[in-house]
Structure formats: structure tokens, C-alpha cells
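**Student:** Okay, so here is my_file02.pdb, and as you'll see once you scroll down, it has PDB, C-alpha atoms.
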ATOM      1  CA  MET A   1       0.000   0.000   0.000
ATOM      2  CA  PHE A   2       1.153   3.511  -0.770
ATOM      3  CA  LEU A   3       1.164   6.236   1.863
ATOM      4  CA  ASN A   4      -0.442   8.498  -0.724
ATOM      5  CA  GLN A   5      -3.638   6.426  -0.899
ATOM      6  CA  PHE A   6      -4.529   7.441   2.626
ATOM      7  CA  LEU A   7      -3.263  11.007   2.305
ATOM      8  CA  LEU A   8      -5.305  11.623  -0.856
ATOM      9  CA  LEU A   9      -8.423  10.086   0.697
ATOM     10  CA  ALA A  10      -7.955  12.426   3.669
ATOM     11  CA  ALA A  11      -7.465  15.394   1.315
ATOM     12  CA  ILE A  12     -10.716  14.576  -0.523
ATOM     13  CA  LEU A  13     -12.658  14.274   2.741
ATOM     14  CA  PHE A  14     -11.097  17.519   4.018
ATOM     15  CA  CYS A  15     -12.177  19.419   0.898
ATOM     16  CA  ILE A  16     -15.713  18.002   1.069
ATOM     17  CA  GLY A  17     -15.831  19.174   4.689
ATOM     18  CA  VAL A  18     -14.638  22.658   3.716
ATOM     19  CA  TYR A  19     -17.339  22.819   1.037
ATOM     20  CA  GLY A  20     -19.916  21.768   3.648
ATOM     21  CA  VAL A  21     -18.845  24.469   6.098
ATOM     22  CA  LEU A  22     -19.092  27.126   3.364
ATOM     23  CA  ALA A  23     -22.283  25.932   1.658
ATOM     24  CA  ARG A  24     -24.481  24.921   4.586
ATOM     25  CA  LYS A  25     -26.685  27.312   6.532
ATOM     26  CA  ASN A  26     -27.994  24.993   9.244
ATOM     27  CA  GLY A  27     -25.833  25.088  12.389
ATOM     28  CA  VAL A  28     -25.960  21.341  13.070
ATOM     29  CA  LEU A  29     -24.898  20.567   9.494
ATOM     30  CA  VAL A  30     -21.956  22.967   9.758
ATOM     31  CA  LEU A  31     -20.831  21.072  12.881
ATOM     32  CA  MET A  32     -21.130  17.794  10.944
ATOM     33  CA  SER A  33     -18.901  19.199   8.200
ATOM     34  CA  ILE A  34     -16.348  20.175  10.847
ATOM     35  CA  GLU A  35     -16.432  16.553  12.023
ATOM     36  CA  LEU A  36     -15.589  15.482   8.456
ATOM     37  CA  ILE A  37     -12.574  17.815   8.483
ATOM     38  CA  LEU A  38     -11.335  16.524  11.855
ATOM     39  CA  ASN A  39     -11.716  12.936  10.655
ATOM     40  CA  ALA A  40      -9.650  13.668   7.559
ATOM     41  CA  VAL A  41      -6.879  15.006   9.785
ATOM     42  CA  ASN A  42      -7.107  11.877  11.932
ATOM     43  CA  ILE A  43      -6.658   9.606   8.900
ATOM     44  CA  ASN A  44      -3.533  11.596   8.026
ATOM     45  CA  LEU A  45      -2.162  11.251  11.547
ATOM     46  CA  VAL A  46      -2.771   7.507  11.742
ATOM     47  CA  ALA A  47      -1.308   6.938   8.258
ATOM     48  CA  PHE A  48       1.892   8.797   9.121
ATOM     49  CA  GLY A  49       1.964   7.052  12.494
ATOM     50  CA  ALA A  50       1.810   3.624  10.818
ATOM     51  CA  TYR A  51       4.497   4.722   8.350
ATOM     52  CA  TRP A  52       6.931   5.754  11.100
ATOM     53  CA  HIS A  53       6.056   2.735  13.231
ATOM     54  CA  VAL A  54       7.513   0.444  10.553
ATOM     55  CA  ASN A  55      10.952   2.012  10.977
ATOM     56  CA  ASP A  56      10.831   2.650  14.715
ATOM     57  CA  LEU A  57       8.738   0.156  16.673
ATOM     58  CA  ALA A  58       8.592   2.306  19.812
ATOM     59  CA  ASN A  59       7.113   5.256  17.919
ATOM     60  CA  VAL A  60       3.315   5.395  18.107
ATOM     61  CA  SER A  61       3.026   9.191  18.151
ATOM     62  CA  GLY A  62       0.577   9.175  15.241
ATOM     63  CA  GLN A  63      -1.970   7.147  17.174
ATOM     64  CA  VAL A  64      -1.490   9.232  20.327
ATOM     65  CA  PHE A  65      -2.085  12.457  18.388
ATOM     66  CA  ALA A  66      -5.150  10.940  16.726
ATOM     67  CA  LEU A  67      -6.544  10.082  20.174
ATOM     68  CA  PHE A  68      -5.951  13.658  21.330
ATOM     69  CA  VAL A  69      -7.763  14.966  18.245
ATOM     70  CA  ILE A  70     -10.705  12.631  18.948
ATOM     71  CA  ALA A  71     -10.951  13.925  22.531
ATOM     72  CA  VAL A  72     -10.770  17.571  21.445
ATOM     73  CA  ALA A  73     -13.397  16.898  18.749
ATOM     74  CA  ALA A  74     -15.726  15.421  21.376
ATOM     75  CA  ALA A  75     -15.324  18.531  23.553
ATOM     76  CA  GLU A  76     -15.861  20.773  20.521
ATOM     77  CA  VAL A  77     -19.093  19.044  19.515
ATOM     78  CA  GLY A  78     -20.406  19.235  23.082
ATOM     79  CA  VAL A  79     -19.855  22.983  23.347
ATOM     80  CA  GLY A  80     -20.878  23.590  19.715
ATOM     81  CA  LEU A  81     -24.227  21.828  20.091
ATOM     82  CA  ALA A  82     -24.853  23.691  23.358
ATOM     83  CA  LEU A  83     -24.294  26.957  21.453
ATOM     84  CA  VAL A  84     -26.649  25.819  18.653
ATOM     85  CA  LEU A  85     -29.325  24.973  21.245
ATOM     86  CA  LEU A  86     -28.899  28.389  22.865
ATOM     87  CA  ILE A  87     -29.234  30.135  19.480
ATOM     88  CA  TYR A  88     -32.338  28.047  18.720
ATOM     89  CA  ARG A  89     -33.886  28.941  22.087
ATOM     90  CA  ASN A  90     -33.302  32.665  21.575
ATOM     91  CA  ARG A  91     -34.256  32.986  17.895
ATOM     92  CA  GLN A  92     -36.341  29.835  17.061
ATOM     93  CA  SER A  93     -33.967  29.172  14.138
ATOM     94  CA  ILE A  94     -30.482  27.735  13.688
ATOM     95  CA  ASN A  95     -29.695  29.429  10.396
ATOM     96  CA  ILE A  96     -26.254  30.786  11.049
ATOM     97  CA  ASP A  97     -26.714  33.728   8.682
ATOM     98  CA  ASP A  98     -29.528  34.971  10.931
ATOM     99  CA  VAL A  99     -26.944  35.490  13.659
ATOM    100  CA  ASP A 100     -25.549  38.752  12.311
ATOM    101  CA  MET A 101     -25.832  41.107  15.278
ATOM    102  CA  LEU A 102     -22.098  41.885  15.123
ATOM    103  CA  LYS A 103     -22.446  43.100  11.526
ATOM    104  CA  GLY A 104     -22.413  46.897  11.243
TER     105      GLY A 104
ATOM    106  CA  MET B   1       2.285 -11.696   1.182
ATOM    107  CA  LEU B   2       1.326 -10.395  -2.261
ATOM    108  CA  ALA B   3      -2.191 -11.807  -1.939
ATOM    109  CA  LEU B   4      -2.579 -10.027   1.394
ATOM    110  CA  LEU B   5      -1.398  -6.769  -0.179
ATOM    111  CA  VAL B   6      -3.899  -7.104  -3.035
ATOM    112  CA  ALA B   7      -6.679  -7.804  -0.543
ATOM    113  CA  GLN B   8      -5.668  -4.749   1.502
ATOM    114  CA  ASN B   9      -5.729  -2.568  -1.601
ATOM    115  CA  ILE B  10      -9.150  -3.834  -2.702
ATOM    116  CA  ALA B  11     -10.528  -3.249   0.796
ATOM    117  CA  PHE B  12      -9.012   0.220   0.870
ATOM    118  CA  TYR B  13     -10.580   1.310  -2.407
ATOM    119  CA  ILE B  14     -14.028  -0.094  -1.581
ATOM    120  CA  ILE B  15     -14.078   1.601   1.821
ATOM    121  CA  ALA B  16     -12.636   4.823   0.408
ATOM    122  CA  ALA B  17     -15.329   4.971  -2.280
ATOM    123  CA  LEU B  18     -18.035   4.441   0.357
ATOM    124  CA  MET B  19     -16.517   7.174   2.535
ATOM    125  CA  VAL B  20     -16.348   9.703  -0.299
ATOM    126  CA  VAL B  21     -19.937   8.982  -1.363
ATOM    127  CA  GLY B  22     -21.073   9.270   2.273
ATOM    128  CA  ALA B  23     -19.202  12.532   2.782
ATOM    129  CA  ILE B  24     -20.689  14.056  -0.375
ATOM    130  CA  ARG B  25     -24.162  13.014   0.779
ATOM    131  CA  VAL B  26     -23.509  14.590   4.214
ATOM    132  CA  VAL B  27     -22.882  17.973   2.625
ATOM    133  CA  THR B  28     -25.564  17.780  -0.086
ATOM    134  CA  THR B  29     -28.572  15.904   1.320
ATOM    135  CA  LYS B  30     -31.785  17.842   1.950
ATOM    136  CA  ASN B  31     -32.710  15.847   5.056
ATOM    137  CA  VAL B  32     -30.896  16.643   8.308
ATOM    138  CA  MET B  33     -31.530  13.204   9.787
ATOM    139  CA  HIS B  34     -30.128  11.520   6.664
ATOM    140  CA  ALA B  35     -27.017  13.706   6.906
ATOM    141  CA  ALA B  36     -26.358  12.327  10.404
ATOM    142  CA  LEU B  37     -26.849   8.769   9.153
ATOM    143  CA  TRP B  38     -24.500   9.288   6.172
ATOM    144  CA  LEU B  39     -21.979  10.665   8.661
ATOM    145  CA  VAL B  40     -22.161   7.266  10.418
ATOM    146  CA  LEU B  41     -21.007   5.650   7.156
ATOM    147  CA  VAL B  42     -18.032   8.014   6.849
ATOM    148  CA  LEU B  43     -16.973   7.608  10.487
ATOM    149  CA  SER B  44     -17.221   3.812  10.451
ATOM    150  CA  GLY B  45     -15.290   3.800   7.175
ATOM    151  CA  ALA B  46     -12.552   5.748   8.922
ATOM    152  CA  ALA B  47     -12.515   3.116  11.681
ATOM    153  CA  ALA B  48     -12.097   0.435   9.003
ATOM    154  CA  GLN B  49      -9.188   2.360   7.477
ATOM    155  CA  TYR B  50      -7.522   2.471  10.897
ATOM    156  CA  ILE B  51      -7.838  -1.313  11.078
ATOM    157  CA  LEU B  52      -6.171  -1.517   7.643
ATOM    158  CA  LEU B  53      -3.373   0.655   9.037
ATOM    159  CA  ALA B  54      -3.015  -1.786  11.969
ATOM    160  CA  ALA B  55      -3.974   0.912  14.479
ATOM    161  CA  GLU B  56      -6.363  -1.109  16.598
ATOM    162  CA  PHE B  57      -6.802   1.189  19.590
ATOM    163  CA  VAL B  58      -7.681   4.269  17.515
ATOM    164  CA  ALA B  59     -10.170   2.169  15.520
ATOM    165  CA  ILE B  60     -11.968   1.027  18.672
ATOM    166  CA  THR B  61     -11.885   4.547  20.119
ATOM    167  CA  GLN B  62     -13.313   5.886  16.863
ATOM    168  CA  VAL B  63     -16.251   3.478  17.109
ATOM    169  CA  LEU B  64     -16.838   4.183  20.809
ATOM    170  CA  VAL B  65     -16.452   7.969  20.787
ATOM    171  CA  TYR B  66     -17.675   8.968  17.331
ATOM    172  CA  LEU B  67     -20.312   6.359  16.552
ATOM    173  CA  GLY B  68     -21.340   5.845  20.164
ATOM    174  CA  ALA B  69     -21.296   9.366  21.530
ATOM    175  CA  ILE B  70     -20.941  12.108  18.956
ATOM    176  CA  ILE B  71     -23.573  10.771  16.523
ATOM    177  CA  VAL B  72     -26.041  10.418  19.417
ATOM    178  CA  LEU B  73     -25.214  14.002  20.405
ATOM    179  CA  PHE B  74     -25.918  15.122  16.828
ATOM    180  CA  LEU B  75     -29.238  13.263  16.756
ATOM    181  CA  PHE B  76     -30.204  14.917  20.050
ATOM    182  CA  GLY B  77     -29.206  18.294  18.618
ATOM    183  CA  ILE B  78     -31.350  17.692  15.523
ATOM    184  CA  MET B  79     -34.356  16.659  17.593
ATOM    185  CA  LEU B  80     -34.018  19.427  20.182
ATOM    186  CA  THR B  81     -33.894  22.079  17.462
ATOM    187  CA  ARG B  82     -37.088  20.588  15.967
ATOM    188  CA  ALA B  83     -35.664  20.092  12.504
ATOM    189  CA  LYS B  84     -38.108  19.086   9.798
ATOM    190  CA  THR B  85     -38.323  15.304   9.586
ATOM    191  CA  GLY B  86     -38.817  15.322   5.810
ATOM    192  CA  ASN B  87     -36.919  17.186   3.143
ATOM    193  CA  ASP B  88     -36.021  20.765   3.976
ATOM    194  CA  ASP B  89     -35.056  23.188   1.217
ATOM    195  CA  ASP B  90     -33.718  25.789   3.631
ATOM    196  CA  LEU B  91     -30.480  24.073   4.663
ATOM    197  CA  ASP B  92     -28.040  25.575   2.159
ATOM    198  CA  ASN B  93     -26.745  29.054   1.469
ATOM    199  CA  LYS B  94     -27.745  30.686  -1.779
ATOM    200  CA  LYS B  95     -26.438  29.398  -5.110
ATOM    201  CA  SER B  96     -23.566  31.861  -5.471
ATOM    202  CA  ALA B  97     -22.201  30.974  -2.035
ATOM    203  CA  LYS B  98     -22.396  27.268  -2.943
ATOM    204  CA  PHE B  99     -20.437  27.861  -6.151
ATOM    205  CA  ILE B 100     -17.767  29.820  -4.290
ATOM    206  CA  GLY B 101     -17.578  27.038  -1.684
ATOM    207  CA  ALA B 102     -17.233  24.386  -4.391
ATOM    208  CA  GLY B 103     -14.544  26.477  -6.096
ATOM    209  CA  ILE B 104     -12.569  26.827  -2.878
ATOM    210  CA  GLY B 105     -12.924  23.105  -2.178
ATOM    211  CA  ILE B 106     -11.750  22.081  -5.641
ATOM    212  CA  ALA B 107      -8.850  24.573  -5.609
ATOM    213  CA  LEU B 108      -7.782  23.278  -2.185
ATOM    214  CA  LEU B 109      -8.042  19.683  -3.423
ATOM    215  CA  GLY B 110      -5.931  20.481  -6.476
ATOM    216  CA  LEU B 111      -3.282  22.184  -4.368
ATOM    217  CA  MET B 112      -3.149  19.420  -1.745
ATOM    218  CA  GLY B 113      -3.306  16.660  -4.349
ATOM    219  CA  TYR B 114      -0.432  18.180  -6.313
ATOM    220  CA  SER B 115       1.756  18.673  -3.250
ATOM    221  CA  LEU B 116       0.991  15.183  -1.889
ATOM    222  CA  ILE B 117       1.769  13.465  -5.195
ATOM    223  CA  ASP B 118       4.872  15.627  -5.546
ATOM    224  CA  GLY B 119       6.050  14.975  -1.996
ATOM    225  CA  PHE B 120       5.088  11.340  -1.324
ATOM    226  CA  GLY B 121       4.828  10.078  -4.897
ATOM    227  CA  ASP B 122       5.732   6.421  -4.407
ATOM    228  CA  THR B 123       6.384   6.108  -0.676
ATOM    229  CA  GLU B 124       5.264   2.642   0.406
ATOM    230  CA  PHE B 125       4.381   1.480   3.881
ATOM    231  CA  GLY B 126       6.615  -1.553   3.933
ATOM    232  CA  ASP B 127       5.438  -4.342   6.236
ATOM    233  CA  LEU B 128       2.825  -2.802   8.494
ATOM    234  CA  MET B 129       3.270  -3.977  12.061
ATOM    235  CA  VAL B 130       0.381  -4.006  14.547
ATOM    236  CA  GLN B 131       0.661  -0.966  16.809
ATOM    237  CA  ARG B 132      -0.335  -2.627  20.028
ATOM    238  CA  THR B 133      -2.456  -0.892  22.643
ATOM    239  CA  ALA B 134       0.255  -1.483  25.246
ATOM    240  CA  GLU B 135       2.702   0.591  23.183
ATOM    241  CA  VAL B 136       0.130   3.360  22.821
ATOM    242  CA  SER B 137      -0.517   3.490  26.552
ATOM    243  CA  ASP B 138       3.232   3.449  27.280
ATOM    244  CA  SER B 139       3.638   6.414  24.971
ATOM    245  CA  ILE B 140       0.687   8.360  26.415
ATOM    246  CA  PHE B 141       1.763   7.861  30.017
ATOM    247  CA  SER B 142       5.436   8.661  29.471
ATOM    248  CA  THR B 143       6.222  10.940  26.520
ATOM    249  CA  TYR B 144       2.802  12.592  26.264
ATOM    250  CA  LEU B 145       1.823  12.671  29.938
ATOM    251  CA  LEU B 146       1.574  16.456  30.168
ATOM    252  CA  PRO B 147      -0.649  16.917  27.073
ATOM    253  CA  PHE B 148      -2.823  14.093  28.395
ATOM    254  CA  GLU B 149      -3.372  15.881  31.716
ATOM    255  CA  VAL B 150      -4.049  19.177  29.923
ATOM    256  CA  LEU B 151      -6.588  17.345  27.778
ATOM    257  CA  SER B 152      -8.434  16.088  30.851
ATOM    258  CA  VAL B 153      -8.675  19.688  32.127
ATOM    259  CA  LEU B 154      -9.960  20.738  28.682
ATOM    260  CA  LEU B 155     -12.662  18.044  28.787
ATOM    261  CA  LEU B 156     -13.727  19.176  32.268
ATOM    262  CA  ALA B 157     -13.885  22.797  31.086
ATOM    263  CA  ALA B 158     -15.920  21.795  28.009
ATOM    264  CA  LEU B 159     -18.303  19.772  30.223
ATOM    265  CA  ILE B 160     -18.917  22.676  32.576
ATOM    266  CA  GLY B 161     -19.099  25.126  29.661
ATOM    267  CA  ALA B 162     -21.710  23.063  27.824
ATOM    268  CA  ILE B 163     -23.864  22.827  30.961
ATOM    269  CA  VAL B 164     -23.575  26.558  31.669
ATOM    270  CA  ILE B 165     -24.387  27.523  28.071
ATOM    271  CA  ALA B 166     -27.314  25.159  27.588
ATOM    272  CA  ARG B 167     -29.149  25.426  30.913
ATOM    273  CA  ARG B 168     -32.282  27.556  31.303
ATOM    274  CA  ASP B 169     -32.231  30.300  33.901
TER     275      ASP B 169
END
Please express the file's structure as C-alpha cells.
**Tutor:**
Amino acid sequence: MFLNQFLLLAAILFCIGVYGVLARKNGVLVLMSIELILNAVNINLVAFGAYWHVNDLANVSGQVFALFVIAVAAAEVGVGLALVLLIYRNRQSINIDDVDMLKG
Amino acid sequence: MLALLVAQNIAFYIIAALMVVGAIRVVTTKNVMHAALWLVLVLSGAAAQYILLAAEFVAITQVLVYLGAIIVLFLFGIMLTRAKTGNDDDLDNKKSAKFIGAGIGIALLGLMGYSLIDGFGDTEFGDLMVQRTAEVSDSIFSTYLLPFEVLSVLLLAALIGAIVIARRD
């Protein structure tokens, strides 16, 4: 297997996630697209981790970093969905372009 | 050995195709609930790719945390915001914004694809060795002990923050 297979798959998923963040209006769907992006990064980390592990058996840094990213993603989704719920409660809508009070 | 490699490659391409289709459906479907369910396909595909990369602990953690917790959180978020159960035409930005988003995505993909092919053109994995959970835990609790402790504080802060933000008062 080539390293590039996994890296290109991750790049494709990353770009689909970026498109989702830019094209979606619904807050929950934007959070889902962010999950796609974080997953793409995780695939990269694990692929590089496996690649380095072949040469240096004590090196599992890729997996450790992927675990850290998973934990941070869990925290991010928790806070993000709490924010979406708060916006819904205040404005009965989770369209993120309705939240433009900071715009002059 | 060669047969195993061919099998790995076939598995990779099947799972990768499923993941890409699922990801495209996540960002294009008109039904919020379906988007969450397509996301399940992408996340479990990622877990399968980790298995192919012989990273067993991350694969199990992916299933437990993403499929077990985060998807449920998303489904709760969808239901608590009373999303339409059927098709909803009001999920996307207007056409021009979608075109700009697609342009940025494709430009980014071209740039990353070019640099990846240029940089790692024919790098092979060699013989993948199983990265055992014992090695991972050794690494976390020696080299990465400090980031691990910081992460636990971050999770506590996120827990308290989510409760404070979402409670009624």
C-alpha cells in the first residue's frame, strides 16, 4: 500500500468538509462538516503514524495524536451543540446567517 | 504476502469509495436526519481504514467515541432544534455561495493533491506492524503525559461550559 492512498483520501474528505462548512446554513450541518474535516486530519495522523512505526517500533506518536484529536473533537461538539441549542432557544432558528448582530 | 497486499488494496478502495460517497451526501442531502446517518457511514469507514493501518486502539476509540457518543449528540441536537423530519429546502446558502464554496474546495483539493503526489509520490508502507495498545498506553503515560493531563482539564472545562451555556435560567 502507498502512503499516498490514505493522504489523498484524507485530502478529498477535508475538501468536502470545507465545502460543507461554506455551503451549509444549518448550524448542526456545519458542525457535521467540521467533524468530516477533523476525521480527515485523523486519517492523516494515523497513516503517518503507521508509516513511522515500521521504521521505529517504539514510535506510536501518530496514534497518540489521533486520540488527542478525537478527545478535542468530542469537547468541541459538546460545546458547539450547546451553542446551537442556545441560538435556537433565543431565535427559534439555527440558520447561522440569521446570527448577524455583530455586523455593522 | 502479495495476496494479502492485493486484498488490503481492494478493501481500501471499496471503503474509500463508500466514505467519499457518504461525505458528499452529508454535505448535499436535503434531510438533516439523513445527513447524520450518512456521517455514520463516513466515520465507520474511517474506523475500518484504521484497522487496515493496523492501528487497533484508535479504531476502537473511533467506534466508541464517534459512533457511540458524537452521533447520538448530533441526533439529540437535531431533535431538540425541531428540525423538519422530511426534506427541507432551507439548509443551504444561496447558489452563489455554494459555487464559491465548491470552487474553494476544488482549488484546495488540487493544491493538496499536487503537493501530496509531488512529496510522497511512491512512498510505500513496507510491512505494516500491529501498533499494540500497550505501546500506545506506554507512549501516552510517558512521553505525552503532560498533554494528556491538559486534555483532561480541557474536557472538564468543556463539560462545565456546555452545561452553563445550555441550561435555562
**Student:** Please write the residues picked by the PyMOL selection byres ((chain A) within 6 of (chain B)) on this file as a ChimeraX atom specification.
**Tutor:** /A:1-3,15,19-20,22-26,51,75,79,82,86
**Student:** Which protein, DNA or RNA residues are at most 12 Å from (-28.6, 35.0, 11.7) in the file's coordinates when you count only C-alpha atoms, listed as a PyMOL selection string?
**Tutor:** (chain A and resi 25-27+84+87-88+90-103) or (chain B and resi 93)
**Student:** Could you state the separation of CA of Leu83 in chain A and CA of Val72 in chain B in Å, given to one decimal place?
**Tutor:** 16.8 Å
**Student:** For Lys30 in chain B, which of A:Leu67, A:Leu45, A:Leu29, A:Leu36 is the closest residue, counting all atoms listed in the file?
**Tutor:**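 So, comparing all the options, the nearest one is A:Leu29.
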**Student:** Which distance in Å separates CA of Leu38 in chain A and CA of Ser142 in chain B, to one decimal?
**Tutor:**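 Taking CA of Leu38 in chain A as the start and CA of Ser142 in chain B as the end point, the length is 25.6 Å.
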**Student:** Pick the closest to Leu8 in chain A from A:Asn44, A:Ser61, A:Asn55, A:Gly104: which is it, counting all atoms listed in the file?
**Tutor:**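 Of the candidates, the smallest distance to Leu8 in chain A is held by A:Asn44.
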**Student:** Mind pulling up the distance from CA of Ile34 in chain A to CA of Leu145 in chain B?
**Tutor:** 27.4 Å
**Student:** Restricting the calculation to only C-alpha atoms: of B:Ile15, B:Ala3, B:Ile51, B:Ile10, which residue gets closest to Ala47 in chain A?
**Tutor:**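 Residue with the minimum atom-to-atom distance to Ala47 in chain A: B:Ile51.
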